[in-house]
Amino acid sequence: MAKKNFYAVKVGKTPGIYKTWAECQANTTGFSGAVFKGFETLAEADAFMTGTASVSSNNTATKSEDGVTNLPTIYAFTDGSFNVATGVYGFGGFLHYSESADDIEIRGNGNDPDEAVSRNVAGEVHGAVAAMQKAVELGLSEMTLFYDYEGIEKWPLRYWKTNKKISMFYVEEYDKVKDKLKVNFVHVKAHTGIPGNEAADRMAKEEVGIE
């Protein structure tokens, strides 16, 4: 068996290429949906990270100091916001599904009192649902969803219990599309300069009237 000199973490706590198994473990242990593999050469590890290698793995994304890079072919960024003064929650974002077509904007708002108690989380949820529904409408079978609120992944995958109207709504809507659309959830840190996340944040704020 060839010696593994490099470990590529494609999806994990901090995606990247590491030289030791211990570093790889530190960035994948306890991380749901981690994608990683050991390689003999740096070129092989890099090919795995950039998607040019012929390997069995999901279309996911790697991260760099500049934000999210090496994006999958089909992906969406969504975010939510809440206006305390008006009680309106909103969402913004976009779906990228083709290099030859413009990205599709995803945006909207609402003021259902039972959902508004969850403040910006209501917007986060409606944004994720809108992205999934649009992907299904386009006939897509798989999509990577970049999000910054952890409930976007943990509620539909049943890591968190649903005890409010917004979370119950989210799980119900996810269950309607999960057999048609495989969603690869990827968490990104908010307000860290990631272009897609920043754009979604701006759009969500516009929807609730916040400059």
# chains A, B, ... in the order shown; residues from 1 in each chain; ligands from 1
$ residues_around --residues "A:Asp201" --least-positions-apart "3" --cutoff "6 Å" --atoms "only C-alpha atoms" --output "JSON, numbers by chain"
{"A": [79, 198, 204]}
$ write_last_selection --atoms "N, CA and C atoms" --output "tab-separated table (two decimals), in the first residue's frame"
chain	number	residue	atom	x	y	z
A	79	ASP	N	-29.53	33.52	3.06
A	79	ASP	CA	-29.36	34.12	4.38
A	79	ASP	C	-30.68	34.77	4.78
A	198	GLU	N	-22.12	37.18	1.73
A	198	GLU	CA	-22.30	38.62	1.91
A	198	GLU	C	-23.42	39.14	0.99
A	204	ALA	N	-31.15	39.93	1.94
A	204	ALA	CA	-32.09	39.66	3.03
A	204	ALA	C	-32.42	40.95	3.78
$ residues_around --residues "A:Glu150" --least-positions-apart "5" --cutoff "12 Å" --atoms "only C-alpha atoms" --output "VMD selection string"
chain A and resid 32 79 121 124 to 125 128 145 155 to 157 159 to 160 185 to 190
$ write_last_selection --atoms "C-alpha atoms" --output "short mmCIF file (atom, residue, chain, number, x, y, z; two decimals), in the first residue's frame"
data_model
loop_
_atom_site.label_atom_id
_atom_site.label_comp_id
_atom_site.auth_asym_id
_atom_site.auth_seq_id
_atom_site.Cartn_x
_atom_site.Cartn_y
_atom_site.Cartn_z
CA SER A 32 -21.30 15.48 9.90
CA ASP A 79 -29.36 34.12 4.38
CA VAL A 121 -34.21 32.35 11.72
CA GLU A 124 -33.01 31.70 7.08
CA VAL A 125 -35.51 28.86 6.81
CA ALA A 128 -33.34 27.55 2.26
CA LEU A 145 -26.52 24.78 -0.05
CA TRP A 155 -33.37 20.46 11.62
CA PRO A 156 -34.00 18.61 8.34
CA LEU A 157 -31.43 15.93 9.19
CA TYR A 159 -30.09 16.53 14.71
CA TRP A 160 -32.32 19.14 16.38
CA PHE A 185 -25.26 21.23 3.33
CA VAL A 186 -22.09 23.30 3.79
CA HIS A 187 -21.72 25.70 6.71
CA VAL A 188 -19.89 29.00 6.25
CA LYS A 189 -19.13 31.62 8.88
CA ALA A 190 -21.23 34.76 8.61
#
$ residues_around --residues "A:Ala85" --least-positions-apart "2" --cutoff "12 Å" --atoms "only C-alpha atoms" --output "ChimeraX atom specification"
/A:82-83,87-89,111,116,119,208-210
$ write_last_selection --atoms "all heavy atoms" --output "short mmCIF file (atom, residue, chain, number, x, y, z; two decimals), in the first residue's frame"
data_model
loop_
_atom_site.label_atom_id
_atom_site.label_comp_id
_atom_site.auth_asym_id
_atom_site.auth_seq_id
_atom_site.Cartn_x
_atom_site.Cartn_y
_atom_site.Cartn_z
N PHE A 82 -34.07 40.15 9.96
CA PHE A 82 -35.29 40.49 10.70
C PHE A 82 -35.28 41.96 11.09
O PHE A 82 -34.25 42.48 11.54
CB PHE A 82 -35.39 39.63 11.96
CG PHE A 82 -36.63 39.88 12.78
CD1 PHE A 82 -37.87 39.47 12.33
CD2 PHE A 82 -36.55 40.53 14.01
CE1 PHE A 82 -39.02 39.69 13.09
CE2 PHE A 82 -37.68 40.76 14.77
CZ PHE A 82 -38.93 40.34 14.31
N ASN A 83 -36.40 42.62 10.88
CA ASN A 83 -36.53 44.02 11.25
C ASN A 83 -37.33 44.10 12.55
O ASN A 83 -38.53 43.84 12.56
CB ASN A 83 -37.24 44.80 10.14
CG ASN A 83 -37.21 46.30 10.37
OD1 ASN A 83 -37.32 46.76 11.49
ND2 ASN A 83 -37.07 47.05 9.28
N GLY A 87 -41.31 43.88 12.58
CA GLY A 87 -41.66 42.48 12.76
C GLY A 87 -41.64 41.68 11.48
O GLY A 87 -42.21 40.59 11.38
N VAL A 88 -40.95 42.21 10.48
CA VAL A 88 -40.85 41.53 9.18
C VAL A 88 -39.55 40.74 9.10
O VAL A 88 -38.48 41.25 9.43
CB VAL A 88 -40.90 42.55 8.02
CG1 VAL A 88 -40.64 41.87 6.68
CG2 VAL A 88 -42.25 43.25 7.99
N TYR A 89 -39.65 39.49 8.67
CA TYR A 89 -38.46 38.66 8.42
C TYR A 89 -38.30 38.50 6.91
O TYR A 89 -39.29 38.57 6.17
CB TYR A 89 -38.57 37.29 9.10
CG TYR A 89 -39.86 36.56 8.82
CD1 TYR A 89 -40.03 35.79 7.66
CD2 TYR A 89 -40.93 36.64 9.72
CE1 TYR A 89 -41.21 35.13 7.41
CE2 TYR A 89 -42.12 35.98 9.47
CZ TYR A 89 -42.26 35.23 8.31
OH TYR A 89 -43.43 34.58 8.05
N ASN A 111 -44.45 38.24 7.55
CA ASN A 111 -44.66 38.79 8.88
C ASN A 111 -45.62 37.96 9.73
O ASN A 111 -46.32 38.48 10.59
CB ASN A 111 -45.17 40.24 8.78
CG ASN A 111 -46.49 40.33 8.02
OD1 ASN A 111 -47.04 39.32 7.56
ND2 ASN A 111 -47.00 41.54 7.89
N ALA A 116 -42.46 35.00 13.17
CA ALA A 116 -41.65 36.17 13.50
C ALA A 116 -41.00 36.08 14.88
O ALA A 116 -39.99 36.74 15.13
CB ALA A 116 -42.49 37.45 13.40
N ARG A 119 -37.52 35.44 14.68
CA ARG A 119 -36.74 36.54 14.15
C ARG A 119 -36.03 36.17 12.84
O ARG A 119 -36.66 35.69 11.92
CB ARG A 119 -35.75 37.03 15.23
CG ARG A 119 -36.48 37.56 16.47
CD ARG A 119 -35.54 37.73 17.65
NE ARG A 119 -34.63 38.85 17.45
CZ ARG A 119 -34.88 40.10 17.83
NH1 ARG A 119 -36.01 40.41 18.44
NH2 ARG A 119 -33.97 41.05 17.63
N VAL A 208 -36.21 43.33 4.27
CA VAL A 208 -36.86 43.77 5.51
C VAL A 208 -36.70 45.27 5.75
O VAL A 208 -37.06 45.79 6.80
CB VAL A 208 -36.36 42.97 6.72
CG1 VAL A 208 -36.63 41.50 6.53
CG2 VAL A 208 -34.87 43.21 6.98
N GLY A 209 -36.11 45.97 4.79
CA GLY A 209 -35.97 47.42 4.90
C GLY A 209 -34.85 47.90 5.77
O GLY A 209 -34.90 48.99 6.34
N ILE A 210 -33.78 47.09 5.88
CA ILE A 210 -32.61 47.48 6.66
C ILE A 210 -31.48 47.82 5.70
O ILE A 210 -31.14 47.03 4.82
CB ILE A 210 -32.14 46.35 7.62
CG1 ILE A 210 -33.23 46.06 8.64
CG2 ILE A 210 -30.85 46.73 8.31
CD1 ILE A 210 -32.89 44.90 9.56
#
$ closest_residue --among "A:Gly92, A:Pro113, A:Gly30, A:Gly38" --to "A:Ala130" --atoms "only C-alpha atoms"
A:Gly92
$ closest_residue --among "A:Thr78, A:Asp102, A:Met143, A:Ala26" --to "A:Lys180" --atoms "only C-alpha atoms"
A:Met143
$ select_by_dssp --residues "stretch 9-38 of chain A" --states "helix (DSSP H, G or I)" --output "count of residues only"
6
$ select_by_dssp --residues "chain A" --states "strand (DSSP E)" --output "PyMOL selection string"
chain A and resi 6-11+16-18+35-39+62-64+67-69+75-83+88-96+104-110+142-147+182-187
$ atom_distance --atom1 "atom CA of A:Tyr75" --atom2 "atom CA of A:Phe6"
27.7 Å
